[in-house]
>>> print(open('protein07.cif').read())   # mmCIF, C-alpha atoms and all ligand atoms
data_start
#
loop_
_atom_site.group_PDB
_atom_site.id
_atom_site.type_symbol
_atom_site.label_atom_id
_atom_site.label_comp_id
_atom_site.auth_asym_id
_atom_site.auth_seq_id
_atom_site.Cartn_x
_atom_site.Cartn_y
_atom_site.Cartn_z
ATOM 1 C CA MET A 1 -6.703 -25.468 21.084
ATOM 2 C CA THR A 2 -4.369 -25.085 18.140
ATOM 3 C CA SER A 3 -1.430 -27.419 18.112
ATOM 4 C CA THR A 4 2.106 -26.807 16.955
ATOM 5 C CA VAL A 5 2.580 -28.447 13.579
ATOM 6 C CA ILE A 6 6.170 -27.427 12.883
ATOM 7 C CA ASN A 7 8.562 -27.249 15.786
ATOM 8 C CA VAL A 8 12.201 -26.448 15.167
ATOM 9 C CA ALA A 9 14.353 -26.192 18.280
ATOM 10 C CA ASN A 10 17.905 -24.848 18.331
ATOM 11 C CA LEU A 11 18.590 -26.181 14.868
ATOM 12 C CA SER A 12 22.091 -25.730 13.492
ATOM 13 C CA LYS A 13 23.547 -27.112 10.304
ATOM 14 C CA THR A 14 27.126 -27.086 9.162
ATOM 15 C CA PHE A 15 27.786 -28.857 5.875
ATOM 16 C CA ASP A 16 30.884 -31.017 5.293
ATOM 17 C CA THR A 17 32.256 -28.136 3.259
ATOM 18 C CA GLY A 18 32.378 -26.059 6.430
ATOM 19 C CA THR A 19 29.480 -23.776 5.460
ATOM 20 C CA GLN A 20 27.287 -23.038 8.435
ATOM 21 C CA ALA A 21 23.867 -22.744 6.837
ATOM 22 C CA LEU A 22 21.686 -22.583 9.963
ATOM 23 C CA ARG A 23 22.533 -21.167 13.372
ATOM 24 C CA ASN A 24 20.446 -22.049 16.393
ATOM 25 C CA VAL A 25 17.117 -21.659 14.625
ATOM 26 C CA SER A 26 13.991 -22.046 16.769
ATOM 27 C CA ILE A 27 10.551 -21.738 15.196
ATOM 28 C CA GLN A 28 7.133 -22.970 16.244
ATOM 29 C CA ILE A 29 4.331 -22.809 13.709
ATOM 30 C CA PRO A 30 0.778 -23.539 14.816
ATOM 31 C CA GLU A 31 -1.819 -25.411 12.814
ATOM 32 C CA GLY A 32 -3.372 -23.389 9.993
ATOM 33 C CA GLN A 33 -0.858 -20.547 9.877
ATOM 34 C CA MET A 34 0.579 -19.221 6.618
ATOM 35 C CA VAL A 35 4.178 -18.215 7.129
ATOM 36 C CA ALA A 36 6.576 -16.592 4.679
ATOM 37 C CA LEU A 37 10.273 -17.312 5.007
ATOM 38 C CA ILE A 38 12.385 -14.525 3.545
ATOM 39 C CA GLY A 39 16.073 -13.801 3.277
ATOM 40 C CA LEU A 40 18.876 -13.208 0.837
ATOM 41 C CA SER A 41 20.125 -15.932 -1.450
ATOM 42 C CA GLY A 42 22.204 -18.316 0.661
ATOM 43 C CA SER A 43 20.582 -17.311 3.945
ATOM 44 C CA GLY A 44 19.461 -20.895 4.603
ATOM 45 C CA LYS A 45 15.796 -20.951 3.555
ATOM 46 C CA SER A 46 15.941 -24.104 1.442
ATOM 47 C CA THR A 47 18.199 -25.802 3.960
ATOM 48 C CA LEU A 48 15.595 -25.189 6.647
ATOM 49 C CA MET A 49 12.861 -26.585 4.383
ATOM 50 C CA ARG A 50 14.946 -29.679 3.679
ATOM 51 C CA HIS A 51 15.258 -30.338 7.392
ATOM 52 C CA LEU A 52 11.486 -30.329 7.693
ATOM 53 C CA ASN A 53 11.042 -33.224 5.320
ATOM 54 C CA GLY A 54 14.088 -35.133 6.492
ATOM 55 C CA LEU A 55 16.155 -34.612 3.338
ATOM 56 C CA THR A 56 18.920 -33.068 5.420
ATOM 57 C CA SER A 57 19.834 -34.021 8.965
ATOM 58 C CA PRO A 58 20.783 -31.454 11.603
ATOM 59 C CA THR A 59 24.224 -30.932 13.063
ATOM 60 C CA ALA A 60 22.503 -29.938 16.308
ATOM 61 C CA GLY A 61 18.960 -29.363 17.482
ATOM 62 C CA ASP A 62 15.590 -30.964 16.902
ATOM 63 C CA VAL A 63 12.907 -30.919 14.251
ATOM 64 C CA TRP A 64 9.366 -32.112 14.787
ATOM 65 C CA VAL A 65 6.700 -32.057 12.114
ATOM 66 C CA LEU A 66 3.213 -33.251 13.041
ATOM 67 C CA ASP A 67 4.695 -34.689 16.231
ATOM 68 C CA THR A 68 7.195 -36.852 14.355
ATOM 69 C CA HIS A 69 10.766 -36.314 15.510
ATOM 70 C CA ILE A 70 12.319 -35.988 12.063
ATOM 71 C CA ASN A 71 15.924 -36.378 13.272
ATOM 72 C CA THR A 72 15.365 -39.874 14.596
ATOM 73 C CA ALA A 73 12.481 -41.024 12.393
ATOM 74 C CA SER A 74 12.811 -44.374 10.634
ATOM 75 C CA LYS A 75 12.381 -44.546 6.857
ATOM 76 C CA LYS A 76 8.854 -45.821 7.411
ATOM 77 C CA GLN A 77 8.002 -42.970 9.792
ATOM 78 C CA LEU A 78 9.433 -40.446 7.343
ATOM 79 C CA ARG A 79 7.343 -41.917 4.546
ATOM 80 C CA GLU A 80 4.287 -41.685 6.738
ATOM 81 C CA VAL A 81 4.845 -38.045 7.758
ATOM 82 C CA ARG A 82 5.643 -37.055 4.158
ATOM 83 C CA ARG A 83 2.207 -38.325 3.126
ATOM 84 C CA HIS A 84 0.824 -35.400 5.096
ATOM 85 C CA ILE A 85 3.192 -32.841 3.600
ATOM 86 C CA GLY A 86 2.560 -31.254 0.216
ATOM 87 C CA PHE A 87 5.577 -29.903 -1.638
ATOM 88 C CA ILE A 88 5.532 -27.068 -4.110
ATOM 89 C CA PHE A 89 8.688 -25.963 -5.896
ATOM 90 C CA GLN A 90 9.799 -23.266 -8.259
ATOM 91 C CA GLN A 91 9.908 -25.874 -11.013
ATOM 92 C CA PHE A 92 6.394 -27.165 -11.151
ATOM 93 C CA GLY A 93 7.321 -30.800 -11.662
ATOM 94 C CA LEU A 94 4.295 -31.624 -13.791
ATOM 95 C CA VAL A 95 4.374 -34.361 -16.392
ATOM 96 C CA GLY A 96 4.216 -32.348 -19.606
ATOM 97 C CA ARG A 97 2.631 -34.787 -22.018
ATOM 98 C CA ILE A 98 -0.401 -35.616 -19.873
ATOM 99 C CA THR A 99 -3.385 -33.430 -19.042
ATOM 100 C CA ALA A 100 -3.706 -31.081 -16.090
ATOM 101 C CA LEU A 101 -6.352 -33.413 -14.659
ATOM 102 C CA GLU A 102 -4.157 -36.488 -14.853
ATOM 103 C CA ASN A 103 -1.326 -34.576 -13.197
ATOM 104 C CA VAL A 104 -3.664 -33.682 -10.336
ATOM 105 C CA LEU A 105 -4.829 -37.295 -10.100
ATOM 106 C CA SER A 106 -1.239 -38.457 -9.776
ATOM 107 C CA GLY A 107 -1.208 -36.663 -6.417
ATOM 108 C CA ALA A 108 -3.397 -39.486 -5.116
ATOM 109 C CA LEU A 109 -0.971 -42.240 -6.131
ATOM 110 C CA GLY A 110 0.310 -42.511 -2.584
ATOM 111 C CA SER A 111 -3.059 -43.784 -1.453
ATOM 112 C CA LEU A 112 -3.608 -46.135 -4.404
ATOM 113 C CA THR A 113 -1.884 -49.389 -5.260
ATOM 114 C CA GLY A 114 -0.428 -50.184 -8.648
ATOM 115 C CA PRO A 115 0.388 -47.975 -11.608
ATOM 116 C CA ARG A 116 -2.247 -45.870 -13.369
ATOM 117 C CA PHE A 117 -2.382 -44.892 -17.005
ATOM 118 C CA GLY A 118 -4.899 -42.317 -18.087
ATOM 119 C CA VAL A 119 -7.643 -40.488 -16.258
ATOM 120 C CA ALA A 120 -10.073 -43.388 -16.678
ATOM 121 C CA SER A 121 -7.824 -45.694 -14.649
ATOM 122 C CA TYR A 122 -8.512 -43.710 -11.464
ATOM 123 C CA PRO A 123 -11.607 -44.417 -9.362
ATOM 124 C CA LEU A 124 -14.491 -42.045 -9.992
ATOM 125 C CA LYS A 125 -14.261 -40.629 -6.471
ATOM 126 C CA PHE A 126 -10.712 -39.472 -7.193
ATOM 127 C CA ARG A 127 -11.654 -37.987 -10.542
ATOM 128 C CA LYS A 128 -14.355 -35.940 -8.870
ATOM 129 C CA GLN A 129 -11.948 -34.790 -6.189
ATOM 130 C CA ALA A 130 -9.328 -33.851 -8.766
ATOM 131 C CA LEU A 131 -11.831 -31.738 -10.690
ATOM 132 C CA GLU A 132 -12.921 -30.045 -7.470
ATOM 133 C CA HIS A 133 -9.331 -29.168 -6.635
ATOM 134 C CA LEU A 134 -8.752 -27.834 -10.145
ATOM 135 C CA ASP A 135 -11.847 -25.714 -9.697
ATOM 136 C CA ARG A 136 -10.553 -24.348 -6.378
ATOM 137 C CA VAL A 137 -7.392 -23.114 -8.022
ATOM 138 C CA GLY A 138 -9.352 -21.638 -10.927
ATOM 139 C CA MET A 139 -8.171 -24.246 -13.434
ATOM 140 C CA ALA A 140 -11.295 -26.339 -14.093
ATOM 141 C CA ASP A 141 -11.485 -25.056 -17.664
ATOM 142 C CA TYR A 142 -8.009 -26.389 -18.366
ATOM 143 C CA ALA A 143 -8.558 -29.914 -17.010
ATOM 144 C CA PHE A 144 -8.038 -31.592 -20.366
ATOM 145 C CA GLN A 145 -5.215 -29.418 -21.631
ATOM 146 C CA ARG A 146 -1.738 -30.923 -21.834
ATOM 147 C CA ALA A 147 0.342 -29.671 -18.928
ATOM 148 C CA ASP A 148 3.240 -28.548 -21.139
ATOM 149 C CA THR A 149 0.962 -26.088 -22.940
ATOM 150 C CA LEU A 150 -0.033 -24.227 -19.752
ATOM 151 C CA SER A 151 1.510 -20.948 -18.659
ATOM 152 C CA GLY A 152 3.828 -20.904 -15.643
ATOM 153 C CA GLY A 153 1.179 -19.525 -13.321
ATOM 154 C CA GLN A 154 -1.323 -22.104 -14.533
ATOM 155 C CA MET A 155 1.208 -24.911 -14.034
ATOM 156 C CA GLN A 156 1.835 -23.781 -10.473
ATOM 157 C CA ARG A 157 -1.887 -23.744 -9.760
ATOM 158 C CA VAL A 158 -2.148 -27.304 -11.115
ATOM 159 C CA ALA A 159 0.787 -28.282 -8.905
ATOM 160 C CA ILE A 160 -1.101 -26.919 -5.889
ATOM 161 C CA ALA A 161 -4.224 -28.848 -6.894
ATOM 162 C CA ARG A 162 -2.092 -31.971 -7.225
ATOM 163 C CA SER A 163 -0.681 -31.577 -3.745
ATOM 164 C CA LEU A 164 -4.208 -31.117 -2.363
ATOM 165 C CA MET A 165 -5.063 -34.643 -3.575
ATOM 166 C CA GLN A 166 -2.812 -35.878 -0.779
ATOM 167 C CA GLN A 167 -5.053 -34.087 1.722
ATOM 168 C CA PRO A 168 -1.948 -32.669 3.350
ATOM 169 C CA SER A 169 -1.788 -31.016 6.761
ATOM 170 C CA VAL A 170 1.329 -29.070 5.859
ATOM 171 C CA MET A 171 2.395 -27.406 2.641
ATOM 172 C CA LEU A 172 6.032 -26.536 2.065
ATOM 173 C CA ALA A 173 6.566 -24.241 -0.891
ATOM 174 C CA ASP A 174 10.127 -23.326 -1.851
ATOM 175 C CA GLU A 175 10.025 -20.251 -4.095
ATOM 176 C CA PRO A 176 6.744 -21.224 -5.736
ATOM 177 C CA VAL A 177 6.465 -17.866 -7.490
ATOM 178 C CA ALA A 178 10.098 -17.235 -8.370
ATOM 179 C CA SER A 179 9.555 -17.664 -12.086
ATOM 180 C CA LEU A 180 6.132 -16.025 -12.305
ATOM 181 C CA ASP A 181 5.032 -12.532 -13.256
ATOM 182 C CA PRO A 182 3.620 -10.303 -10.491
ATOM 183 C CA GLU A 183 -0.001 -11.019 -11.231
ATOM 184 C CA SER A 184 0.403 -14.801 -11.412
ATOM 185 C CA SER A 185 2.522 -14.605 -8.244
ATOM 186 C CA ALA A 186 -0.257 -12.811 -6.382
ATOM 187 C CA GLN A 187 -2.757 -15.354 -7.675
ATOM 188 C CA VAL A 188 -0.688 -18.263 -6.401
ATOM 189 C CA MET A 189 -0.254 -16.562 -3.013
ATOM 190 C CA GLU A 190 -3.978 -15.889 -2.819
ATOM 191 C CA ILE A 191 -4.758 -19.533 -3.548
ATOM 192 C CA MET A 192 -2.309 -20.740 -0.926
ATOM 193 C CA LEU A 193 -3.771 -18.401 1.682
ATOM 194 C CA ARG A 194 -7.287 -19.482 0.771
ATOM 195 C CA VAL A 195 -6.611 -23.216 1.009
ATOM 196 C CA ALA A 196 -4.623 -22.671 4.178
ATOM 197 C CA THR A 197 -7.673 -21.010 5.662
ATOM 198 C CA GLU A 198 -10.257 -23.422 4.266
ATOM 199 C CA GLU A 199 -8.349 -26.580 5.118
ATOM 200 C CA ASN A 200 -6.599 -25.384 8.235
ATOM 201 C CA LEU A 201 -3.441 -26.174 6.330
ATOM 202 C CA THR A 202 -0.126 -24.996 7.726
ATOM 203 C CA VAL A 203 1.874 -23.313 4.955
ATOM 204 C CA LEU A 204 5.535 -22.381 4.949
ATOM 205 C CA VAL A 205 6.541 -20.546 1.803
ATOM 206 C CA THR A 206 9.943 -19.125 0.892
ATOM 207 C CA LEU A 207 9.901 -15.918 -1.092
ATOM 208 C CA HIS A 208 12.289 -13.375 -2.463
ATOM 209 C CA GLN A 209 9.676 -10.678 -2.819
ATOM 210 C CA VAL A 210 9.198 -8.847 0.447
ATOM 211 C CA GLU A 211 6.020 -7.269 -0.908
ATOM 212 C CA LEU A 212 4.369 -10.641 -1.409
ATOM 213 C CA ALA A 213 5.304 -11.738 2.082
ATOM 214 C CA LEU A 214 3.913 -8.517 3.522
ATOM 215 C CA GLY A 215 0.776 -8.742 1.443
ATOM 216 C CA TRP A 216 -0.206 -12.377 1.914
ATOM 217 C CA ALA A 217 1.469 -14.088 4.837
ATOM 218 C CA GLU A 218 0.135 -14.072 8.381
ATOM 219 C CA ARG A 219 3.637 -14.165 9.723
ATOM 220 C CA ILE A 220 7.071 -13.424 8.322
ATOM 221 C CA ILE A 221 10.261 -15.115 9.401
ATOM 222 C CA GLY A 222 13.476 -13.568 8.161
ATOM 223 C CA LEU A 223 16.786 -15.423 7.933
ATOM 224 C CA ARG A 224 20.157 -13.780 7.612
ATOM 225 C CA ASP A 225 23.284 -15.939 7.417
ATOM 226 C CA GLY A 226 21.333 -18.853 8.838
ATOM 227 C CA GLU A 227 19.982 -16.936 11.792
ATOM 228 C CA VAL A 228 16.413 -15.874 12.520
ATOM 229 C CA VAL A 229 16.537 -12.077 12.582
ATOM 230 C CA LEU A 230 12.838 -11.384 12.199
ATOM 231 C CA ASP A 231 9.688 -13.175 13.278
ATOM 232 C CA ASP A 232 6.560 -11.088 13.336
ATOM 233 C CA ALA A 233 3.177 -10.330 11.838
ATOM 234 C CA PRO A 234 3.377 -8.269 8.620
ATOM 235 C CA LYS A 235 1.405 -5.453 10.220
ATOM 236 C CA LYS A 236 4.166 -4.956 12.762
ATOM 237 C CA ILE A 237 6.970 -5.033 10.227
ATOM 238 C CA GLY A 238 8.338 -1.713 9.079
ATOM 239 C CA LYS A 239 11.314 -0.522 7.107
ATOM 240 C CA LYS A 240 13.798 -1.123 9.883
ATOM 241 C CA LYS A 241 12.972 -4.784 10.325
ATOM 242 C CA VAL A 242 12.980 -5.526 6.624
ATOM 243 C CA MET A 243 16.343 -3.773 6.378
ATOM 244 C CA GLU A 244 17.686 -5.999 9.116
ATOM 245 C CA VAL A 245 16.974 -9.069 7.025
ATOM 246 C CA TYR A 246 18.528 -7.534 3.951
ATOM 247 C CA GLN A 247 21.270 -5.743 5.847
ATOM 248 C CA ARG A 248 23.895 -6.495 3.261
ATOM 249 C CA VAL A 249 22.002 -4.507 0.657
ATOM 250 C CA ALA A 250 21.097 -1.680 3.000
ATOM 251 C CA THR A 251 23.571 0.532 1.212
ATOM 252 C CA ASP A 252 21.199 0.660 -1.740
ATOM 253 C CA ASP A 253 19.376 3.942 -1.569
ATOM 254 C CA VAL A 254 16.052 2.233 -2.129
ATOM 255 C CA ASP A 255 13.149 3.399 -0.037
ATOM 256 C CA VAL A 256 11.914 0.029 1.166
ATOM 257 C CA GLU A 257 9.084 1.605 3.155
ATOM 258 C CA GLU A 258 7.732 3.308 0.098
ATOM 259 C CA ILE A 259 8.031 0.201 -2.043
ATOM 260 C CA THR A 260 6.350 -2.035 0.500
ATOM 261 C CA GLN A 261 3.531 0.405 1.182
ATOM 262 C CA GLU A 262 2.923 0.707 -2.539
ATOM 263 C CA SER A 263 2.879 -3.058 -2.979
ATOM 264 C CA ILE A 264 0.555 -3.491 -0.038
ATOM 265 C CA ARG A 265 -1.869 -1.059 -1.604
ATOM 266 C CA ALA A 266 -1.642 -2.834 -4.961
ATOM 267 C CA LEU A 267 -2.164 -6.208 -3.343
ATOM 268 C CA GLU A 268 -5.058 -4.995 -1.224
ATOM 269 C CA ALA A 269 -6.703 -3.724 -4.397
ATOM 270 C CA MET A 270 -6.090 -7.069 -6.064
ATOM 271 C CA LYS A 271 -7.488 -8.945 -3.060
ATOM 272 C CA ASP A 272 -10.597 -6.751 -3.042
ATOM 273 C CA ALA A 273 -11.107 -7.493 -6.715
ATOM 274 C CA HIS A 274 -11.183 -11.248 -6.073
HETATM 275 N N1 LIG B 301 24.511 -29.760 0.211
HETATM 276 C C1 LIG B 301 25.202 -28.671 0.522
HETATM 277 N N2 LIG B 301 26.523 -28.739 0.724
HETATM 278 C C2 LIG B 301 27.252 -27.647 1.063
HETATM 279 N N3 LIG B 301 26.725 -26.423 1.234
HETATM 280 C C3 LIG B 301 25.413 -26.277 1.045
HETATM 281 C C4 LIG B 301 24.576 -27.382 0.683
HETATM 282 N N4 LIG B 301 23.304 -26.949 0.560
HETATM 283 C C5 LIG B 301 23.348 -25.631 0.836
HETATM 284 N N5 LIG B 301 24.602 -25.227 1.131
HETATM 285 C C6 LIG B 301 25.021 -23.855 1.496
HETATM 286 O O1 LIG B 301 24.221 -23.442 2.581
HETATM 287 C C7 LIG B 301 23.906 -22.053 2.463
HETATM 288 C C8 LIG B 301 22.413 -21.860 2.487
HETATM 289 O O2 LIG B 301 21.868 -22.371 1.281
HETATM 290 P P1 LIG B 301 20.321 -22.409 0.975
HETATM 291 O O3 LIG B 301 20.152 -23.147 -0.302
HETATM 292 O O4 LIG B 301 19.600 -22.926 2.144
HETATM 293 O O5 LIG B 301 19.977 -20.862 0.784
HETATM 294 P P2 LIG B 301 18.645 -20.161 0.331
HETATM 295 O O6 LIG B 301 18.292 -19.170 1.370
HETATM 296 O O7 LIG B 301 17.633 -21.194 -0.010
HETATM 297 O O8 LIG B 301 19.082 -19.385 -0.988
HETATM 298 P P3 LIG B 301 18.277 -19.059 -2.345
HETATM 299 O O9 LIG B 301 17.419 -17.875 -2.003
HETATM 300 O O10 LIG B 301 19.334 -18.719 -3.320
HETATM 301 O O11 LIG B 301 17.484 -20.265 -2.705
HETATM 302 C C9 LIG B 301 24.572 -21.574 1.190
HETATM 303 O O12 LIG B 301 25.806 -20.984 1.526
HETATM 304 C C10 LIG B 301 24.780 -22.855 0.396
HETATM 305 O O13 LIG B 301 25.879 -22.763 -0.449
HETATM 306 MG MG MG B 302 16.628 -21.721 -1.763
#
>>> encode(input="protein07.cif", output="structure tokens", more="lines below")
Ligand SMILES: Nc1ncnc2c1ncn2[C@@H]1O[C@H](COP(=O)(O)OP(=O)(O)OP(=O)(O)O)[C@@H](O)[C@H]1O
Ligand SMILES: [Mg+2]
Amino acid sequence: MTSTVINVANLSKTFDTGTQALRNVSIQIPEGQMVALIGLSGSGKSTLMRHLNGLTSPTAGDVWVLDTHINTASKKQLREVRRHIGFIFQQFGLVGRITALENVLSGALGSLTGPRFGVASYPLKFRKQALEHLDRVGMADYAFQRADTLSGGQMQRVAIARSLMQQPSVMLADEPVASLDPESSAQVMEIMLRVATEENLTVLVTLHQVELALGWAERIIGLRDGEVVLDDAPKKIGKKKVMEVYQRVATDDVDVEEITQESIRALEAMKDAH
């Protein structure tokens, strides 16, 4: 039986400024699913993500992650649940002047005591693991390269490898491909889907590119003005539903259907090539 890993029930958030960022959002995500969260800028995607790790507290409703009730969790409980959550952001957050390998190793710091300086200061078991994770994201050859000399796509792959050191159950990725070119973006999506499958990892990823969501996610949730307006498998999503999410730009005479079909074909070809 698959269990629900992320459970958001009737979540609403109004900030002190009066902005209502989330309106009665209910979402259940089962173990191992890769879900894309899409929506216009300001639609509430990041706010929803921040509720999942307890960085923002709800005005109304409930949030459970891995059976922890985030709203009422103590600091200790939050720390504990966050150990099982990997975070990936648009800005990769690597330490530039150390190697890719050492950055990956730093992902294990939560399970080690005391500070570490240099690759050699980590137990051998961790070094092996870190190299394995770098290999999984196609970055083994760059293990000893300084992080600040890597390309954006390579940095993001290292960031994913680093989060895998935590052996997370959940991965939250807020616009992980926003600053990447299309090919690197597809690569990062492919890696996330692969680890999600291999590790039964639950992934929630926010995206601006509808094509990537359609091409790689198992499920797409669309937010508009803080409300869930779409929640379906990509296969069932057509022009009309995508337009609903992006209603405010529906006046553009862009043929979304054509664009998405084209992207799907391109992505399928790319996936086949892997
Ligand atoms: N701390 C805050 N205080 C006040 N308003 C906020 C705060 N954080 C977010 N908001 C508002 O909540 C709304 C949703 O913001 P959010 O960052 O969740 O959008 P988003 O979908 O992630 O957008 P983007 O695609 O640009 O990242 C916006 O109107 C934003 O201005
Ligand atoms: Mg955001």
>>> residues_around(input="protein07.cif", residues="Leu193 (chain A)", least_positions_apart="3", cutoff="12 Å", atoms="all atoms listed in the file", output="JSON, numbers by chain")
{"A": [32, 33, 34, 35, 36, 137, 160, 171, 186, 187, 188, 189, 190, 196, 197, 198, 199, 200, 201, 202, 203, 204, 205, 212, 213, 215, 216, 217, 218, 219, 271]}
>>> residues_near_ligand(input="protein07.cif", ligand="ligand MG 302 (chain B)", cutoff="8 Å", atoms="all atoms listed in the file", output="PDB file with C-alpha atoms, in the coordinates of the input")
ATOM      1  CA  SER A  41      20.125 -15.932  -1.450  1.00  0.00           C
ATOM      2  CA  GLY A  42      22.204 -18.316   0.661  1.00  0.00           C
ATOM      3  CA  GLY A  44      19.461 -20.895   4.603  1.00  0.00           C
ATOM      4  CA  LYS A  45      15.796 -20.951   3.555  1.00  0.00           C
ATOM      5  CA  SER A  46      15.941 -24.104   1.442  1.00  0.00           C
ATOM      6  CA  THR A  47      18.199 -25.802   3.960  1.00  0.00           C
ATOM      7  CA  ASP A 174      10.127 -23.326  -1.851  1.00  0.00           C
ATOM      8  CA  GLU A 175      10.025 -20.251  -4.095  1.00  0.00           C
ATOM      9  CA  THR A 206       9.943 -19.125   0.892  1.00  0.00           C
TER      10      THR A 206
END
>>> residues_near_ligand(input="protein07.cif", ligand="ligand LIG 301 (chain B)", cutoff="10 Å", atoms="all atoms listed in the file", output="PyMOL selection string")
chain A and resi 13-22+37-50+56+90+174-175+178+206-208+223-226
>>> closest_residue(input="protein07.cif", among="A:Ala108, A:Ala159, A:Val63, A:Ile70", to="Val25 (chain A)", atoms="all atoms listed in the file")
A:Val63
>>> resolve_selection(input="protein07.cif", expression="the PyMOL selection byres (((chain A and resi 24) around 9) and not hetatm)", output="PDB file with C-alpha atoms, in the coordinates of the input")
ATOM      1  CA  ALA A   9      14.353 -26.192  18.280  1.00  0.00           C
ATOM      2  CA  ASN A  10      17.905 -24.848  18.331  1.00  0.00           C
ATOM      3  CA  LEU A  11      18.590 -26.181  14.868  1.00  0.00           C
ATOM      4  CA  SER A  12      22.091 -25.730  13.492  1.00  0.00           C
ATOM      5  CA  LYS A  13      23.547 -27.112  10.304  1.00  0.00           C
ATOM      6  CA  LEU A  22      21.686 -22.583   9.963  1.00  0.00           C
ATOM      7  CA  ARG A  23      22.533 -21.167  13.372  1.00  0.00           C
ATOM      8  CA  VAL A  25      17.117 -21.659  14.625  1.00  0.00           C
ATOM      9  CA  SER A  26      13.991 -22.046  16.769  1.00  0.00           C
ATOM     10  CA  ALA A  60      22.503 -29.938  16.308  1.00  0.00           C
ATOM     11  CA  GLY A  61      18.960 -29.363  17.482  1.00  0.00           C
ATOM     12  CA  GLY A 226      21.333 -18.853   8.838  1.00  0.00           C
ATOM     13  CA  GLU A 227      19.982 -16.936  11.792  1.00  0.00           C
ATOM     14  CA  VAL A 228      16.413 -15.874  12.520  1.00  0.00           C
TER      15      VAL A 228
END
>>> residues_around(input="protein07.cif", residues="Arg83 (chain A)", least_positions_apart="6", cutoff="10 Å", atoms="only C-alpha atoms", output="ChimeraX atom specification")
/A:77,110-111,166-170
>>> resolve_selection(input="protein07.cif", expression="the PyMOL selection byres (((chain A and resi 234) around 7) and not hetatm)", output="list in words")
Leu214, Glu218, Arg219, Ile220, Asp232, Ala233, Lys235, Lys236 and Ile237 of chain A
>>> closest_residue(input="protein07.cif", among="A:Glu244, A:Asp181, A:Asp62, A:Glu102", to="Gln145 (chain A)", atoms="only C-alpha atoms")
A:Glu102
>>> resolve_selection(input="protein07.cif", expression="the PyMOL selection byres (((chain A and resi 147) around 12) and not hetatm)", output="PyMOL selection string")
chain A and resi 92-104+139+142-146+148-159
>>> atom_distance(input="protein07.cif", atom1="CA of Pro58 (chain A)", atom2="CA of Ile27 (chain A)")
14.6 Å
>>> atom_distance(input="protein07.cif", atom1="CA of Arg194 (chain A)", atom2="CA of Phe126 (chain A)")
21.8 Å
